[in-house]
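**Student:** Data file data.cif (mmCIF, C-alpha atoms) is appended below.
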```
data_upload
#
loop_
_atom_site.label_atom_id
_atom_site.label_comp_id
_atom_site.auth_asym_id
_atom_site.auth_seq_id
_atom_site.Cartn_x
_atom_site.Cartn_y
_atom_site.Cartn_z
CA MET O 1 117.85 -159.13 -107.96
CA PRO O 2 120.73 -159.36 -105.44
CA LYS O 3 122.96 -162.22 -106.54
CA GLU O 4 122.80 -164.04 -103.19
CA LYS O 5 119.01 -164.36 -103.36
CA ILE O 6 117.83 -167.81 -104.45
CA PRO O 7 114.22 -168.48 -105.62
CA LEU O 8 112.88 -171.39 -103.55
CA GLY O 9 109.49 -171.90 -105.18
CA ALA O 10 106.01 -170.95 -104.01
CA PHE O 11 105.48 -172.00 -100.38
CA PRO O 12 103.63 -170.39 -97.44
CA PHE O 13 106.87 -169.99 -95.46
CA ILE O 14 105.57 -168.17 -92.43
CA TYR O 15 106.97 -169.74 -89.33
CA PRO O 16 107.11 -170.73 -86.62
CA MET O 17 103.36 -170.73 -86.07
CA PRO O 18 101.64 -171.66 -82.81
CA THR O 19 100.06 -175.11 -82.89
CA VAL O 20 96.52 -175.25 -81.56
CA ILE O 21 93.83 -177.86 -81.08
CA LEU O 22 90.54 -176.98 -82.72
CA GLY O 23 87.38 -178.24 -81.06
CA SER O 24 83.95 -178.68 -82.58
CA GLU O 25 80.93 -180.88 -82.11
CA VAL O 26 80.15 -183.34 -84.87
CA ASP O 27 76.74 -184.98 -84.68
CA GLY O 28 76.53 -184.01 -81.03
CA LYS O 29 79.96 -185.37 -80.01
CA PRO O 30 83.21 -183.43 -79.34
CA ALA O 31 85.78 -183.65 -82.15
CA PHE O 32 89.34 -182.33 -82.10
CA ILE O 33 91.99 -181.59 -84.68
CA THR O 34 95.50 -180.08 -84.52
CA VAL O 35 96.25 -177.10 -86.77
CA SER O 36 98.97 -174.55 -87.28
CA PHE O 37 97.48 -172.93 -90.38
CA ILE O 38 95.86 -170.22 -88.32
CA GLY O 39 95.93 -166.43 -88.16
CA ILE O 40 94.91 -163.35 -86.26
CA VAL O 41 92.36 -161.33 -88.24
CA GLN O 42 91.82 -158.34 -85.98
CA GLN O 43 91.63 -157.15 -82.41
CA SER O 44 88.21 -155.48 -82.33
CA PRO O 45 85.89 -157.28 -82.67
CA PRO O 46 88.45 -160.03 -82.02
CA MET O 47 88.61 -162.48 -84.92
CA VAL O 48 90.85 -165.34 -85.93
CA SER O 49 91.17 -167.58 -88.98
CA VAL O 50 91.76 -171.32 -89.17
CA SER O 51 92.30 -173.32 -92.30
CA LEU O 52 91.34 -176.96 -92.70
CA VAL O 53 91.54 -179.44 -95.53
CA ASN O 54 87.95 -180.14 -96.65
CA ASN O 55 87.59 -183.75 -95.66
CA HIS O 56 87.92 -183.42 -91.88
CA LEU O 57 85.04 -184.16 -89.53
CA THR O 58 85.73 -180.80 -87.87
CA ASN O 59 84.72 -178.89 -91.02
CA LYS O 60 81.32 -180.55 -90.84
CA GLY O 61 81.00 -179.78 -87.12
CA ILE O 62 81.88 -176.12 -87.50
CA LYS O 63 79.33 -175.67 -90.25
CA GLN O 64 76.64 -177.62 -88.38
CA ASN O 65 76.92 -175.56 -85.21
CA GLN O 66 78.48 -172.29 -86.43
CA THR O 67 80.87 -172.51 -83.48
CA PHE O 68 84.31 -173.85 -82.66
CA SER O 69 86.99 -173.59 -79.99
CA ILE O 70 90.72 -172.95 -80.15
CA ASN O 71 92.73 -174.60 -77.40
CA ILE O 72 96.35 -173.57 -76.91
CA PRO O 73 98.23 -176.61 -75.63
CA HIS O 74 101.20 -176.43 -73.24
CA THR O 75 104.45 -178.05 -74.46
CA LYS O 76 103.76 -180.75 -71.83
CA MET O 77 100.80 -181.72 -74.06
CA LEU O 78 103.02 -182.19 -77.11
CA ALA O 79 102.55 -185.96 -77.56
CA LYS O 80 98.75 -185.64 -77.29
CA THR O 81 98.74 -182.61 -79.60
CA ASP O 82 100.72 -184.43 -82.27
CA PHE O 83 98.62 -187.58 -81.80
CA VAL O 84 95.42 -185.59 -82.41
CA GLY O 85 96.98 -184.26 -85.63
CA MET O 86 98.06 -187.71 -86.84
CA ASN O 87 94.83 -189.59 -86.34
CA SER O 88 91.37 -189.34 -87.86
CA GLY O 89 88.34 -188.99 -85.63
CA ALA O 90 86.75 -191.67 -87.82
CA ILE O 91 89.11 -194.21 -86.19
CA ILE O 92 90.22 -192.62 -82.92
CA ASN O 93 87.91 -191.26 -80.23
CA LYS O 94 89.93 -188.11 -79.61
CA SER O 95 87.55 -186.70 -77.03
CA SER O 96 88.52 -189.57 -74.72
CA LEU O 97 92.01 -188.01 -74.57
CA PHE O 98 90.77 -184.87 -72.84
CA GLU O 99 88.47 -183.64 -70.14
CA VAL O 100 86.05 -181.41 -72.05
CA PHE O 101 84.18 -178.34 -70.82
CA TYR O 102 81.79 -175.80 -72.30
CA GLY O 103 81.49 -172.05 -71.88
CA LYS O 104 78.80 -169.64 -73.13
CA LEU O 105 78.21 -171.56 -76.34
CA GLU O 106 76.67 -174.99 -75.95
CA ASN O 107 78.53 -176.73 -78.74
CA ALA O 108 82.13 -175.48 -78.71
CA PRO O 109 83.92 -178.15 -76.65
CA MET O 110 87.09 -176.92 -74.93
CA ILE O 111 90.01 -178.82 -73.41
CA LYS O 112 90.39 -178.40 -69.65
CA GLU O 113 94.14 -179.12 -69.47
CA ALA O 114 94.97 -176.59 -72.25
CA PRO O 115 96.18 -173.41 -70.51
CA LEU O 116 94.17 -171.14 -72.80
CA ASN O 117 90.83 -171.65 -74.54
CA LEU O 118 89.16 -169.40 -77.11
CA GLU O 119 85.45 -169.77 -77.70
CA CYS O 120 84.49 -168.76 -81.25
CA LYS O 121 81.38 -168.04 -83.27
CA LEU O 122 81.68 -168.69 -87.00
CA VAL O 123 81.58 -165.46 -89.05
CA GLU O 124 82.45 -166.64 -92.54
CA VAL O 125 83.71 -169.67 -94.50
CA LEU O 126 85.96 -168.98 -97.46
CA HIS O 127 87.02 -171.42 -100.17
CA PRO O 128 90.44 -170.13 -101.23
CA GLY O 129 91.21 -173.32 -103.15
CA ASP O 130 89.53 -176.63 -104.03
CA GLN O 131 90.93 -178.46 -101.05
CA THR O 132 90.57 -176.19 -98.05
CA GLU O 133 88.11 -174.12 -96.10
CA LEU O 134 89.17 -170.98 -94.26
CA PHE O 135 87.00 -170.39 -91.21
CA ILE O 136 86.83 -166.89 -89.79
CA GLY O 137 85.58 -166.81 -86.23
CA GLU O 138 84.79 -164.12 -83.73
CA ILE O 139 86.13 -164.82 -80.26
CA ILE O 140 83.33 -164.35 -77.80
CA GLN O 141 85.19 -165.41 -74.66
CA THR O 142 88.59 -166.74 -73.56
CA TYR O 143 89.45 -168.88 -70.54
CA SER O 144 92.61 -169.56 -68.60
CA SER O 145 93.63 -170.54 -65.05
CA LYS O 146 95.26 -168.45 -62.35
CA LYS O 147 98.58 -170.29 -62.61
CA TYR O 148 99.07 -169.11 -66.21
CA LEU O 149 98.27 -165.45 -65.58
CA ASN O 150 100.42 -162.42 -64.92
CA LYS O 151 98.64 -159.10 -64.31
CA GLY O 152 95.39 -160.58 -65.64
CA TYR O 153 96.79 -161.87 -68.92
CA PRO O 154 98.23 -165.23 -69.88
CA ASP O 155 102.02 -165.10 -69.52
CA ILE O 156 103.81 -166.60 -72.50
CA ARG O 157 106.46 -168.20 -70.25
CA LYS O 158 103.80 -169.96 -68.16
CA LEU O 159 101.59 -170.77 -71.15
CA ASP O 160 104.59 -172.31 -72.95
CA PRO O 161 102.85 -172.84 -76.30
CA ILE O 162 103.99 -175.27 -79.03
CA LEU O 163 105.51 -173.71 -82.15
CA PHE O 164 105.58 -175.50 -85.51
CA SER O 165 108.12 -175.14 -88.28
CA ILE O 166 106.45 -175.83 -91.62
CA THR O 167 109.72 -176.59 -93.42
CA SER O 168 111.34 -179.11 -91.09
CA LYS O 169 108.01 -180.31 -89.56
CA ASP O 170 109.49 -179.86 -86.09
CA TYR O 171 108.06 -178.46 -82.89
CA TYR O 172 109.80 -175.73 -80.87
CA LYS O 173 109.47 -173.86 -77.59
CA THR O 174 109.39 -170.07 -77.32
CA GLY O 175 112.86 -168.69 -76.64
CA ARG O 176 114.10 -165.73 -74.67
CA LYS O 177 112.68 -162.20 -74.68
CA ILE O 178 114.66 -159.86 -76.92
CA GLY O 179 112.75 -156.59 -76.83
CA ALA O 180 109.54 -154.67 -76.31
CA ALA O 181 107.24 -153.36 -79.04
CA TRP O 182 107.19 -149.57 -79.58
CA LYS O 183 110.32 -149.38 -77.45
CA THR O 184 113.17 -151.29 -79.12
CA GLY O 185 112.59 -149.14 -82.23
CA LEU O 186 113.47 -146.01 -80.26
CA ARG O 187 117.12 -147.01 -80.69
CA ILE O 188 116.82 -145.73 -84.25
CA SER O 189 116.91 -142.01 -84.79
CA SER O 190 113.71 -140.99 -86.55
CA SER O 191 115.17 -137.63 -87.59
CA ARG O 192 117.70 -139.48 -89.74
CA TYR O 193 114.95 -141.10 -91.82
CA ARG O 194 112.41 -138.25 -91.95
CA ASN O 195 110.82 -137.54 -95.35
CA LYS O 196 112.58 -134.68 -97.11
CA MET Q 1 82.87 -175.14 -66.25
CA PRO Q 2 85.96 -176.34 -64.30
CA LYS Q 3 86.32 -174.11 -61.25
CA GLU Q 4 89.93 -173.10 -62.05
CA LYS Q 5 88.93 -171.63 -65.45
CA ILE Q 6 88.66 -167.83 -65.43
CA PRO Q 7 86.93 -165.89 -68.25
CA LEU Q 8 89.37 -163.24 -69.49
CA GLY Q 9 87.22 -161.40 -72.03
CA ALA Q 10 87.18 -161.53 -75.82
CA PHE Q 11 90.72 -161.20 -77.20
CA PRO Q 12 92.53 -162.80 -80.16
CA PHE Q 13 95.00 -164.57 -77.85
CA ILE Q 14 96.97 -166.54 -80.41
CA TYR Q 15 100.64 -166.16 -79.72
CA PRO Q 16 103.48 -165.88 -80.18
CA MET Q 17 103.08 -164.90 -83.85
CA PRO Q 18 105.96 -164.25 -86.24
CA THR Q 19 106.52 -160.56 -86.91
CA VAL Q 20 106.97 -159.67 -90.57
CA ILE Q 21 107.53 -156.53 -92.63
CA LEU Q 22 104.97 -156.03 -95.36
CA GLY Q 23 106.15 -154.31 -98.54
CA SER Q 24 104.04 -152.54 -101.15
CA GLU Q 25 104.42 -149.72 -103.60
CA VAL Q 26 102.42 -146.57 -102.92
CA ASP Q 27 102.26 -144.08 -105.78
CA GLY Q 28 105.32 -145.75 -107.32
CA LYS Q 29 107.46 -145.73 -104.15
CA PRO Q 30 108.27 -148.63 -101.78
CA ALA Q 31 106.36 -148.57 -98.48
CA PHE Q 32 106.84 -150.86 -95.49
CA ILE Q 33 104.87 -151.76 -92.39
CA THR Q 34 105.41 -154.22 -89.53
CA VAL Q 35 102.62 -156.72 -88.82
CA SER Q 36 102.04 -159.77 -86.70
CA PHE Q 37 98.34 -160.16 -87.47
CA ILE Q 38 99.06 -162.66 -90.20
CA GLY Q 39 98.12 -166.23 -91.01
CA ILE Q 40 98.71 -169.23 -93.24
CA VAL Q 41 95.68 -169.90 -95.42
CA GLN Q 42 96.76 -173.02 -97.30
CA GLN Q 43 99.67 -174.86 -98.82
CA SER Q 44 98.44 -175.41 -102.37
CA PRO Q 45 98.10 -172.98 -104.03
CA PRO Q 46 100.12 -171.32 -101.27
CA MET Q 47 98.19 -168.47 -99.65
CA VAL Q 48 98.64 -166.24 -96.65
CA SER Q 49 96.56 -163.58 -94.92
CA VAL Q 50 97.62 -160.24 -93.49
CA SER Q 51 95.44 -157.84 -91.59
CA LEU Q 52 95.92 -154.08 -91.54
CA VAL Q 53 94.08 -151.21 -89.95
CA ASN Q 54 92.41 -149.25 -92.78
CA ASN Q 55 94.32 -146.00 -92.61
CA HIS Q 56 97.79 -147.25 -93.56
CA LEU Q 57 99.50 -146.23 -96.77
CA THR Q 58 100.20 -149.92 -97.38
CA ASN Q 59 96.47 -150.70 -97.77
CA LYS Q 60 96.33 -148.21 -100.62
CA GLY Q 61 99.46 -149.63 -102.24
CA ILE Q 62 98.25 -153.23 -102.10
CA LYS Q 63 94.96 -152.27 -103.72
CA GLN Q 64 96.62 -150.08 -106.36
CA ASN Q 65 99.02 -152.79 -107.53
CA GLN Q 66 97.29 -156.01 -106.42
CA THR Q 67 100.64 -157.17 -105.07
CA PHE Q 68 102.63 -157.14 -101.83
CA SER Q 69 105.65 -158.75 -100.23
CA ILE Q 70 106.20 -160.40 -96.86
CA ASN Q 71 109.70 -160.07 -95.49
CA ILE Q 72 110.72 -162.22 -92.52
CA PRO Q 73 113.26 -160.23 -90.50
CA HIS Q 74 116.12 -161.79 -88.52
CA THR Q 75 116.25 -160.98 -84.78
CA LYS Q 76 119.31 -158.85 -85.66
CA MET Q 77 116.85 -156.57 -87.51
CA LEU Q 78 114.68 -156.13 -84.39
CA ALA Q 79 115.26 -152.38 -83.86
CA LYS Q 80 114.51 -151.61 -87.53
CA THR Q 81 111.47 -153.92 -87.49
CA ASP Q 82 110.02 -152.22 -84.43
CA PHE Q 83 110.88 -148.78 -85.83
CA VAL Q 84 108.97 -149.55 -89.04
CA GLY Q 85 105.96 -150.53 -86.91
CA MET Q 86 106.14 -147.37 -84.78
CA ASN Q 87 106.39 -144.79 -87.51
CA SER Q 88 104.08 -143.66 -90.30
CA GLY Q 89 105.33 -143.58 -93.87
CA ALA Q 90 103.72 -140.13 -94.08
CA ILE Q 91 106.54 -138.84 -91.84
CA ILE Q 92 109.36 -141.36 -92.17
CA ASN Q 93 110.89 -142.54 -95.43
CA LYS Q 94 111.01 -146.20 -94.45
CA SER Q 95 112.41 -147.38 -97.75
CA SER Q 96 115.64 -145.52 -96.93
CA LEU Q 97 116.12 -148.04 -94.07
CA PHE Q 98 116.50 -150.97 -96.45
CA GLU Q 99 118.09 -152.03 -99.70
CA VAL Q 100 115.09 -152.96 -101.83
CA PHE Q 101 114.88 -155.55 -104.62
CA TYR Q 102 112.18 -156.87 -106.94
CA GLY Q 103 111.42 -160.36 -108.18
CA LYS Q 104 108.89 -161.53 -110.79
CA LEU Q 105 106.36 -158.86 -109.94
CA GLU Q 106 107.34 -155.32 -110.73
CA ASN Q 107 105.74 -153.62 -107.78
CA ALA Q 108 106.24 -155.84 -104.72
CA PRO Q 109 109.36 -154.35 -103.11
CA MET Q 110 111.36 -156.80 -100.98
CA ILE Q 111 114.01 -156.24 -98.31
CA LYS Q 112 117.44 -157.58 -99.21
CA GLU Q 113 118.73 -158.05 -95.65
CA ALA Q 114 115.61 -160.02 -94.59
CA PRO Q 115 116.55 -163.73 -94.69
CA LEU Q 116 113.29 -164.74 -96.34
CA ASN Q 117 111.04 -162.89 -98.79
CA LEU Q 118 107.61 -163.92 -100.04
CA GLU Q 119 106.28 -162.34 -103.22
CA CYS Q 120 102.47 -162.23 -103.23
CA LYS Q 121 99.64 -161.53 -105.63
CA LEU Q 122 96.45 -160.20 -104.05
CA VAL Q 123 93.58 -162.71 -104.23
CA GLU Q 124 90.91 -161.09 -102.10
CA VAL Q 125 90.28 -158.22 -99.67
CA LEU Q 126 87.88 -158.87 -96.81
CA HIS Q 127 86.35 -156.33 -94.45
CA PRO Q 128 85.79 -158.29 -91.25
CA GLY Q 129 85.14 -155.11 -89.25
CA ASP Q 130 84.90 -151.37 -89.80
CA GLN Q 131 88.53 -150.73 -89.01
CA THR Q 132 90.57 -153.40 -90.77
CA GLU Q 133 91.16 -155.02 -94.11
CA LEU Q 134 92.19 -158.66 -94.39
CA PHE Q 135 94.32 -159.23 -97.47
CA ILE Q 136 94.56 -162.76 -98.83
CA GLY Q 137 97.54 -163.25 -101.11
CA GLU Q 138 98.88 -166.08 -103.21
CA ILE Q 139 102.61 -166.59 -102.88
CA ILE Q 140 104.08 -166.77 -106.34
CA GLN Q 141 107.75 -167.01 -105.35
CA THR Q 142 109.95 -167.03 -102.25
CA TYR Q 143 113.59 -165.95 -101.92
CA SER Q 144 116.35 -166.67 -99.45
CA SER Q 145 120.16 -166.85 -99.38
CA LYS Q 146 122.42 -169.88 -99.17
CA LYS Q 147 123.53 -169.08 -95.63
CA TYR Q 148 119.97 -169.52 -94.32
CA LEU Q 149 119.28 -172.82 -96.05
CA ASN Q 150 119.51 -176.42 -94.92
CA LYS Q 151 118.66 -179.13 -97.49
CA GLY Q 152 117.12 -176.51 -99.77
CA TYR Q 153 114.78 -174.99 -97.17
CA PRO Q 154 115.23 -172.08 -94.80
CA ASP Q 155 116.42 -173.39 -91.44
CA ILE Q 156 114.53 -171.88 -88.53
CA ARG Q 157 117.72 -171.66 -86.42
CA LYS Q 158 119.55 -169.71 -89.15
CA LEU Q 159 116.49 -167.63 -90.08
CA ASP Q 160 115.99 -166.69 -86.40
CA PRO Q 161 112.62 -164.94 -86.84
CA ILE Q 162 111.09 -162.43 -84.42
CA LEU Q 163 108.10 -163.63 -82.40
CA PHE Q 164 105.55 -161.25 -80.92
CA SER Q 165 103.47 -161.73 -77.79
CA ILE Q 166 100.19 -159.85 -78.17
CA THR Q 167 99.53 -159.72 -74.41
CA SER Q 168 102.82 -158.36 -73.07
CA LYS Q 169 103.79 -156.60 -76.36
CA ASP Q 170 107.22 -158.22 -76.16
CA TYR Q 171 109.43 -159.82 -78.78
CA TYR Q 172 110.91 -163.32 -78.38
CA LYS Q 173 113.29 -165.69 -80.12
CA THR Q 174 112.41 -169.24 -81.12
CA GLY Q 175 113.48 -171.70 -78.43
CA ARG Q 176 114.71 -175.26 -78.53
CA LYS Q 177 113.33 -178.11 -80.62
CA ILE Q 178 111.03 -180.36 -78.62
CA GLY Q 179 109.70 -182.86 -81.13
CA ALA Q 180 108.86 -183.82 -84.68
CA ALA Q 181 105.41 -183.76 -86.26
CA TRP Q 182 103.76 -187.12 -86.97
CA LYS Q 183 106.42 -188.73 -84.76
CA THR Q 184 106.11 -187.41 -81.19
CA GLY Q 185 102.46 -188.53 -81.26
CA LEU Q 186 103.56 -192.15 -81.76
CA ARG Q 187 104.33 -192.21 -78.01
CA ILE Q 188 100.59 -192.54 -77.47
CA SER Q 189 99.00 -195.91 -78.07
CA SER Q 190 96.32 -195.50 -80.71
CA SER Q 191 94.74 -198.83 -79.78
CA ARG Q 192 93.88 -197.38 -76.36
CA TYR Q 193 91.79 -194.59 -77.90
CA ARG Q 194 90.23 -196.46 -80.83
CA ASN Q 195 86.49 -195.90 -81.41
CA LYS Q 196 84.43 -198.65 -79.86
#
```
Could you show the structure in this file as structure tokens?
**Tutor:**
Amino acid sequence: MPKEKIPLGAFPFIYPMPTVILGSEVDGKPAFITVSFIGIVQQSPPMVSVSLVNNHLTNKGIKQNQTFSINIPHTKMLAKTDFVGMNSGAIINKSSLFEVFYGKLENAPMIKEAPLNLECKLVEVLHPGDQTELFIGEIIQTYSSKKYLNKGYPDIRKLDPILFSITSKDYYKTGRKIGAAWKTGLRISSSRYRNK
Amino acid sequence: MPKEKIPLGAFPFIYPMPTVILGSEVDGKPAFITVSFIGIVQQSPPMVSVSLVNNHLTNKGIKQNQTFSINIPHTKMLAKTDFVGMNSGAIINKSSLFEVFYGKLENAPMIKEAPLNLECKLVEVLHPGDQTELFIGEIIQTYSSKKYLNKGYPDIRKLDPILFSITSKDYYKTGRKIGAAWKTGLRISSSRYRNK
């Protein structure tokens, strides 16, 4: 082991992660929760994963309806996004914070003011530990508004998502562009590293 | 549906995502691949997910050894990181790009110059589609160097990870801090939104 390397313990140090607001319907009413324990599963068919501690109302809603939504909030929505993460739906009526709309599915409530909405069908629920459920969902449709698009796709600068640092528990903006995939790597000579 | 909302099709639009270099040993030799289809599964026991298209050497290595590593590259490593994602280990000897070290596990090669290394034991392999495998791993140890730490934890400013935008295929830096979790939300009056 290189002598400068220090063991820090076992933590899921992958960050920053985008912070999203999960939507579901619990007993027929919209429920929302903030999460950054999420992941991309694959592109085709498009699937994502979201992890939730067992005791949330949202877990119940997702399992009841087999649907959920992922809403990507703008940094302007930071206070609301954090508020939704801090408070239980048992006490706070979180749906009164947002104007809600529905897409193809009838029970995946989405947030109008969020620049990007992903409508998901539940594919699988995993129980990786005693305390959490990992929901794998297939994205059946996504929604955005003209002002966030650039050549038909959401533009990260306009979307301005909220990033979360799991170690310091702070929120960050996306910074400047530093390169392009399958392009920046061309600076390295592949002949130099070819298998012998 | 609000009239400004435009359906964009079914895509896993969660971004930006951190870009990491996955390490495994294939037939006794270190192999590396760049991925940003990753996720946090849970904090305790700490688990992460990584998704790979089936045909990579890394898939074979992870299944052979039941271990892998996640290396978080610094933005200074951008060209190498992109290069590793562009080139197949069948042609390029990627391990010659990096100084490799090992931790507790004997076959999860880690990259010395990466500011943060996560050593993982395979927990489960899922097949969400025909073309990909989703690996769920438990993190058994993490490693960093003193220069990246702040109060015992990696500091996101010092770590300076690479973020990937799935729509534009561009890389970004982390931007400025905009708030603190469970604090910024206090700006909103909870009494206003209490359940009736």
**Student:** So what does the PyMOL selection byres ((chain O) within 6 of (chain Q)) actually pick up in this one, as number ranges by chain?
**Tutor:** O: 1, 4-12, 37-41, 46, 51, 79, 82-83, 86, 91-93, 101, 139-145, 169-182, 184-185, 193-195
**Student:** Go ahead and compute the interatomic distance for CA of Phe98 in chain Q and CA of Asn55 in chain Q, in Å to one decimal.
**Tutor:** 23.1 Å
**Student:** Hey, what comes out of the PyMOL selection byres ((chain O and resi 33) around 8) on this file? Could you write it as a list in words?
**Tutor:**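 With the shown file as input, the PyMOL selection byres ((chain O and resi 33) around 8) matches Ile21, Leu22, Gly23, Ala31, Phe32, Thr34, Val35, Thr58, Val84 and Gly85 of chain O.
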**Student:** Report, in Å to a single decimal, how far apart CA of Val26 in chain Q and CA of Gln64 in chain Q are.
**Tutor:** 7.6 Å
**Student:** Using all atoms listed in the file for the distances, tell me which of O:Leu57, O:Lys158, O:Lys63, O:Leu122 is nearest to Pro30 in chain O.
**Tutor:** O:Leu57
**Student:** To one decimal place, how far is CA of Glu25 in chain O from CA of Gly61 in chain O in Å?
**Tutor:**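 Pair CA of Glu25 in chain O / CA of Gly61 in chain O returns 5.1 Å.
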**Student:** Hey, can I get the axis-aligned box for range 89-94 of chain O? All listed atoms, 3 Å padding on each side, centre and edge lengths in Å to one decimal, as JSON.
**Tutor:**
```
{"center_x": 88.5, "center_y": -191.2, "center_z": -83.7, "size_x": 9.5, "size_y": 12.1, "size_z": 14.2}
```
